[in-house]
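Here the structure is laid out as C-alpha cells; the discussion comes afterwards.
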Amino acid sequence: MSDSNLVQLAYIAESTFGVAVTSGNMQTLRHTGESLKQDSAAESSKEIRSDRQISGLKRTKISASGGINFELSYGTYDDLLKAALMADADWTSVLTATGTDIQAIASGNKYQSATDDDFKDWVVGSWVKIAGFTTAGNNGYAKIVSITHSDSPTTENNILTVSGLTLVDEAAGDSVTIKQGAYIKNGVTCPSFNIEKKYTDLTNVYSLLKGMCVDGVSLSVSAEAMIGGGITFMGANEVSAAASAAQGYDVATSTEVMSGVDNVHSILENQADFDATEFSFQLSNNLRSRLLIGNNGNTLSLGKGALNITGTLKAYFATAALMDKYLNFTASSLAFLVNDVAGNAYVFDFPEVKYTDGQRVAGGQSQDCISDMKFSASRDATENVTIRIVKFAA
C-alpha cells in the first residue's frame, strides 16, 4: 500500500510532444495534492446477438488530465506559470538603477535620475521596486507609466513616471535602488511536459504522464488562509514504469509558503490600495485534444483556445465607487502583490478588467454588508497585455 505523503512529483519540458524525456534532470515539485490521470473513452459493440451478450468493448480515445494543488511560494512554480501564460519569451532580466542622484518628485509622480541613460531600456507597463529613500512612502512597488530621457543640453534628465505609489518631494542624496522586476506576459507558445509520479514507499513503481500542457491556473487568498492555487493540465497519455525516464532530480525550492495574513503586500484597484477580504482569479487556455485515426487512440497534439481570465473581489461595503464601476460597466485594473519574509515578491497584474457581476446585499441579522464582485480580464489596448506576472528576488 502506498501513502499519499510519500508520492513525489517531478516534471521536465518535452522537446517532442508526448515523448518521454531521457536526458537531463527532472524538477521535483512541491504540492498539496494532485489528480493527474489518464482518461480513456470506450464504446461497446452494437451488434445484435441472440444470447444478449456484448460482442466486444473498444477504446475510442486516450488522453490525460488533472492538476496539482499548491500553496504559493517564491520560485517554485515559475516554469508552470510561464506555461500557463503561454509566454513567448522567458522571464526577462532584472534591470537596476542605483545611485545618490535619484530624486522623487510629487508633481507628475515620478523619479528622476542624473545618471546617463538610467531607465533607457526599461519597459512601460512593467513594475519596479524602489528602496533607499528616507521617506517611506517613496519606497515600495510601482508600475511604470512612462519613461522619458533628454540632455538639456549637458544635464541628464532621466524620468520614470509611475503609478501605485503616491510620491512626495525628496531631493537626491540617499543611496537609492530602483529595480525593474523580471516578468512574463501572455502569449501563444504552448510547451509540453513529462510529469512523473514516484511512489517512494513502493519498489520501482512510477507513473509517467506525457504531453502535459498547462490548461489553466488559479490563485485565491483570504484573510484566514494560505495563498492557495491550482494548475490544471491536459495531455496525451499515462504509462507505468519501473524506473524514471530522466537522469535524476533537481531539488525543489525551500522558500516559505505565503498566507493572506503575513504575505499580502497590497491589492491595487485602478492602481490604488484596496482593502479586500478575498481575491481570486482563474485562467483558462481552453485547450482541446486533436485526434487522428490510428495512432493507438492517443492524442496527437493539443489545440490552443482563447485566453479566458475571470475572478472575484470582495470587500466590506463602505462606498459606492466599486459598485458603480459594475453598474456603469467601467473599465478598471487590478494588481495583486505578495512578498515573503525574505523579501521575494510577485505581482499579478491585470491591466484591464471589467466587473461582470456585483452585489451589496444585507444577507441577514448581525452581518457585514459585503461588496461581492466578479470580474473578467481582457486585452489592454495600450499595453497589449491581458496578464503580466512580475517577480522580484530578495
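Within each chain, counting starts at residue 1; across the C-alpha cells, chains are named A, B, ... in the order shown, with ligands numbered 1 upward in that order.
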
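Taking only C-alpha atoms, the non-local environment of Leu72 of chain A within 6 Å (same-chain residues fewer than 5 positions away omitted) comprises Ile227, Gly228, Val257 and Met258 of chain A.
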
Please dump the current selection as a CSV table (one decimal), in the first residue's frame; keep C-alpha atoms.
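Printed below is selection.csv as written:
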chain,number,residue,atom,x,y,z
A,227,ILE,CA,-2.5,31.7,-0.5
A,228,GLY,CA,-3.5,28.6,-2.4
A,257,VAL,CA,4.7,29.3,1.8
A,258,MET,CA,2.7,32.5,1.9

Running DSSP on the backbone, which parts of segment 59-307 of chain A land in strand (DSSP E), as a PyMOL selection string?
chain A and resi 59-71+95-99+102-105+110-113+127-131+140-151+156-163+176-180+182-185+193-199+206-222+228-235+237-241+248-250+264-269+272-273+278-284+288-290+301-303

Segment 134-147 of chain A environment, 6 Å, only C-alpha atoms, sequence neighbours closer than 2 positions dropped, as a PyMOL selection string
chain A and resi 124-131+159-165+167

I'd like the contact shell of Asp201 of chain A - 10 Å cut-off, only C-alpha atoms, skipping same-chain residues fewer than 4 positions apart - returned as a short mmCIF file (atom, residue, chain, number, x, y, z; two decimals) with C-alpha atoms, in the first residue's frame.
data_model
loop_
_atom_site.label_atom_id
_atom_site.label_comp_id
_atom_site.auth_asym_id
_atom_site.auth_seq_id
_atom_site.Cartn_x
_atom_site.Cartn_y
_atom_site.Cartn_z
CA MET A 1 0.00 0.00 0.00
CA SER A 2 1.25 3.45 -0.91
CA ASP A 3 0.96 6.54 1.29
CA SER A 4 -0.01 9.85 -0.36
CA ASN A 5 2.54 11.66 1.81
CA LEU A 6 5.30 9.70 0.06
CA VAL A 7 4.36 10.48 -3.55
CA VAL A 205 6.79 1.98 -9.17
#

Residues within 8 Å of Leu337 of chain A, only C-alpha atoms, excluding chain neighbours under 4 positions, as a PDB file with N, CA and C atoms, in the first residue's frame:
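Saved as out.pdb:
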ATOM      1  N   VAL A 264       0.538  39.308   2.021  1.00  0.00           N
ATOM      2  CA  VAL A 264      -0.100  40.147   1.005  1.00  0.00           C
ATOM      3  C   VAL A 264       0.387  41.581   1.205  1.00  0.00           C
ATOM      4  N   HIS A 265       1.185  42.052   0.257  1.00  0.00           N
ATOM      5  CA  HIS A 265       1.680  43.419   0.351  1.00  0.00           C
ATOM      6  C   HIS A 265       0.553  44.411   0.080  1.00  0.00           C
ATOM      7  N   SER A 266      -0.203  44.173  -0.976  1.00  0.00           N
ATOM      8  CA  SER A 266      -1.322  45.058  -1.299  1.00  0.00           C
ATOM      9  C   SER A 266      -2.146  44.473  -2.433  1.00  0.00           C
ATOM     10  N   ILE A 267      -3.370  44.913  -2.521  1.00  0.00           N
ATOM     11  CA  ILE A 267      -4.221  44.712  -3.687  1.00  0.00           C
ATOM     12  C   ILE A 267      -4.549  46.103  -4.213  1.00  0.00           C
ATOM     13  N   ALA A 345       9.180  38.605  -4.008  1.00  0.00           N
ATOM     14  CA  ALA A 345       7.848  39.148  -4.269  1.00  0.00           C
ATOM     15  C   ALA A 345       7.349  38.778  -5.660  1.00  0.00           C
ATOM     16  N   TYR A 346       6.024  38.735  -5.788  1.00  0.00           N
ATOM     17  CA  TYR A 346       5.341  38.593  -7.076  1.00  0.00           C
ATOM     18  C   TYR A 346       4.310  39.708  -7.216  1.00  0.00           C
ATOM     19  N   VAL A 347       4.095  40.134  -8.449  1.00  0.00           N
ATOM     20  CA  VAL A 347       2.976  40.996  -8.805  1.00  0.00           C
ATOM     21  C   VAL A 347       2.175  40.281  -9.891  1.00  0.00           C
ATOM     22  N   PHE A 348       0.899  40.066  -9.648  1.00  0.00           N
ATOM     23  CA  PHE A 348      -0.025  39.533 -10.648  1.00  0.00           C
ATOM     24  C   PHE A 348      -0.848  40.718 -11.146  1.00  0.00           C
TER      25      PHE A 348
END

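When only C-alpha atoms are used to measure the gap to Thr22 of chain A, the shortest distance among A:Ser44, A:Thr100, A:Asn194, A:Ser284 belongs to A:Asn194.
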
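Using only C-alpha atoms, the protein and nucleic acid residues lying no more than 6 Å from Gly181 of chain A, apart from those fewer than 6 places from it along its own chain, are Val94, Val128, Val390, Lys391 and Phe392 of chain A.
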
Restricting it to C-alpha atoms, dump the selection as a CSV table (one decimal), in the first residue's frame.
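File out_0.csv, as written:
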chain,number,residue,atom,x,y,z
A,94,VAL,CA,16.2,42.3,-14.0
A,128,VAL,CA,9.7,48.4,-10.3
A,390,VAL,CA,6.4,40.2,-12.3
A,391,LYS,CA,8.9,38.7,-9.8
A,392,PHE,CA,11.5,40.3,-7.5

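Using only C-alpha atoms for every distance, the candidate list A:Trp122, A:Phe329, A:Phe279, A:Phe133 yields A:Phe133 as the residue closest to Val168 of chain A.
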
Closest of A:Ser332, A:Thr232, A:Asn344, A:Gln247 to Asn285 of chain A - atom-to-atom distances counting only C-alpha atoms
A:Thr232

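Counting only C-alpha atoms and comparing A:Gln8, A:Thr28, A:Ser73, A:Thr382, the residue that lies closest to Lys198 of chain A is A:Gln8.
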
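Between atom CA of Gly311 of chain A and atom CA of Ile231 of chain A lies a distance of 15.4 Å.
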
Check the smallest atom-to-atom distance from each of A:Phe17, A:Phe274, A:Tyr11, A:Phe193 to Thr299 of chain A using only C-alpha atoms, then report the winner.
A:Phe17

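With only C-alpha atoms as the atoms that count, the minimum distance from Ile195 of chain A to the choices A:Asn157, A:Ser259, A:Gln365, A:Ser244 is reached by A:Ser244.
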
Gap from atom CA of Ala272 of chain A to atom CA of Gln180 of chain A - Å, one decimal:
19.8 Å

List the neighbours of segment 219-222 of chain A out to 7 Å using only C-alpha atoms; skip same-chain residues closer than 4 positions along the sequence, and give me the result as a ChimeraX atom specification.
/A:226-230,260,277-282

Mind writing the picked residues with C-alpha atoms as a PDB file, in the first residue's frame?
ATOM      1  CA  MET A 226      -2.795  30.229   2.947  1.00  0.00           C
ATOM      2  CA  ILE A 227      -2.466  31.702  -0.522  1.00  0.00           C
ATOM      3  CA  GLY A 228      -3.500  28.629  -2.436  1.00  0.00           C
ATOM      4  CA  GLY A 229      -3.867  27.695  -6.040  1.00  0.00           C
ATOM      5  CA  GLY A 230      -4.083  25.012  -8.631  1.00  0.00           C
ATOM      6  CA  GLY A 260      -3.251  36.007   3.473  1.00  0.00           C
ATOM      7  CA  THR A 277     -11.413  40.470   2.228  1.00  0.00           C
ATOM      8  CA  GLU A 278     -10.978  37.968  -0.610  1.00  0.00           C
ATOM      9  CA  PHE A 279      -9.344  37.896  -4.026  1.00  0.00           C
ATOM     10  CA  SER A 280      -9.115  35.137  -6.608  1.00  0.00           C
ATOM     11  CA  PHE A 281      -8.551  34.590 -10.293  1.00  0.00           C
ATOM     12  CA  GLN A 282      -8.867  31.676 -12.689  1.00  0.00           C
TER      13      GLN A 282
END
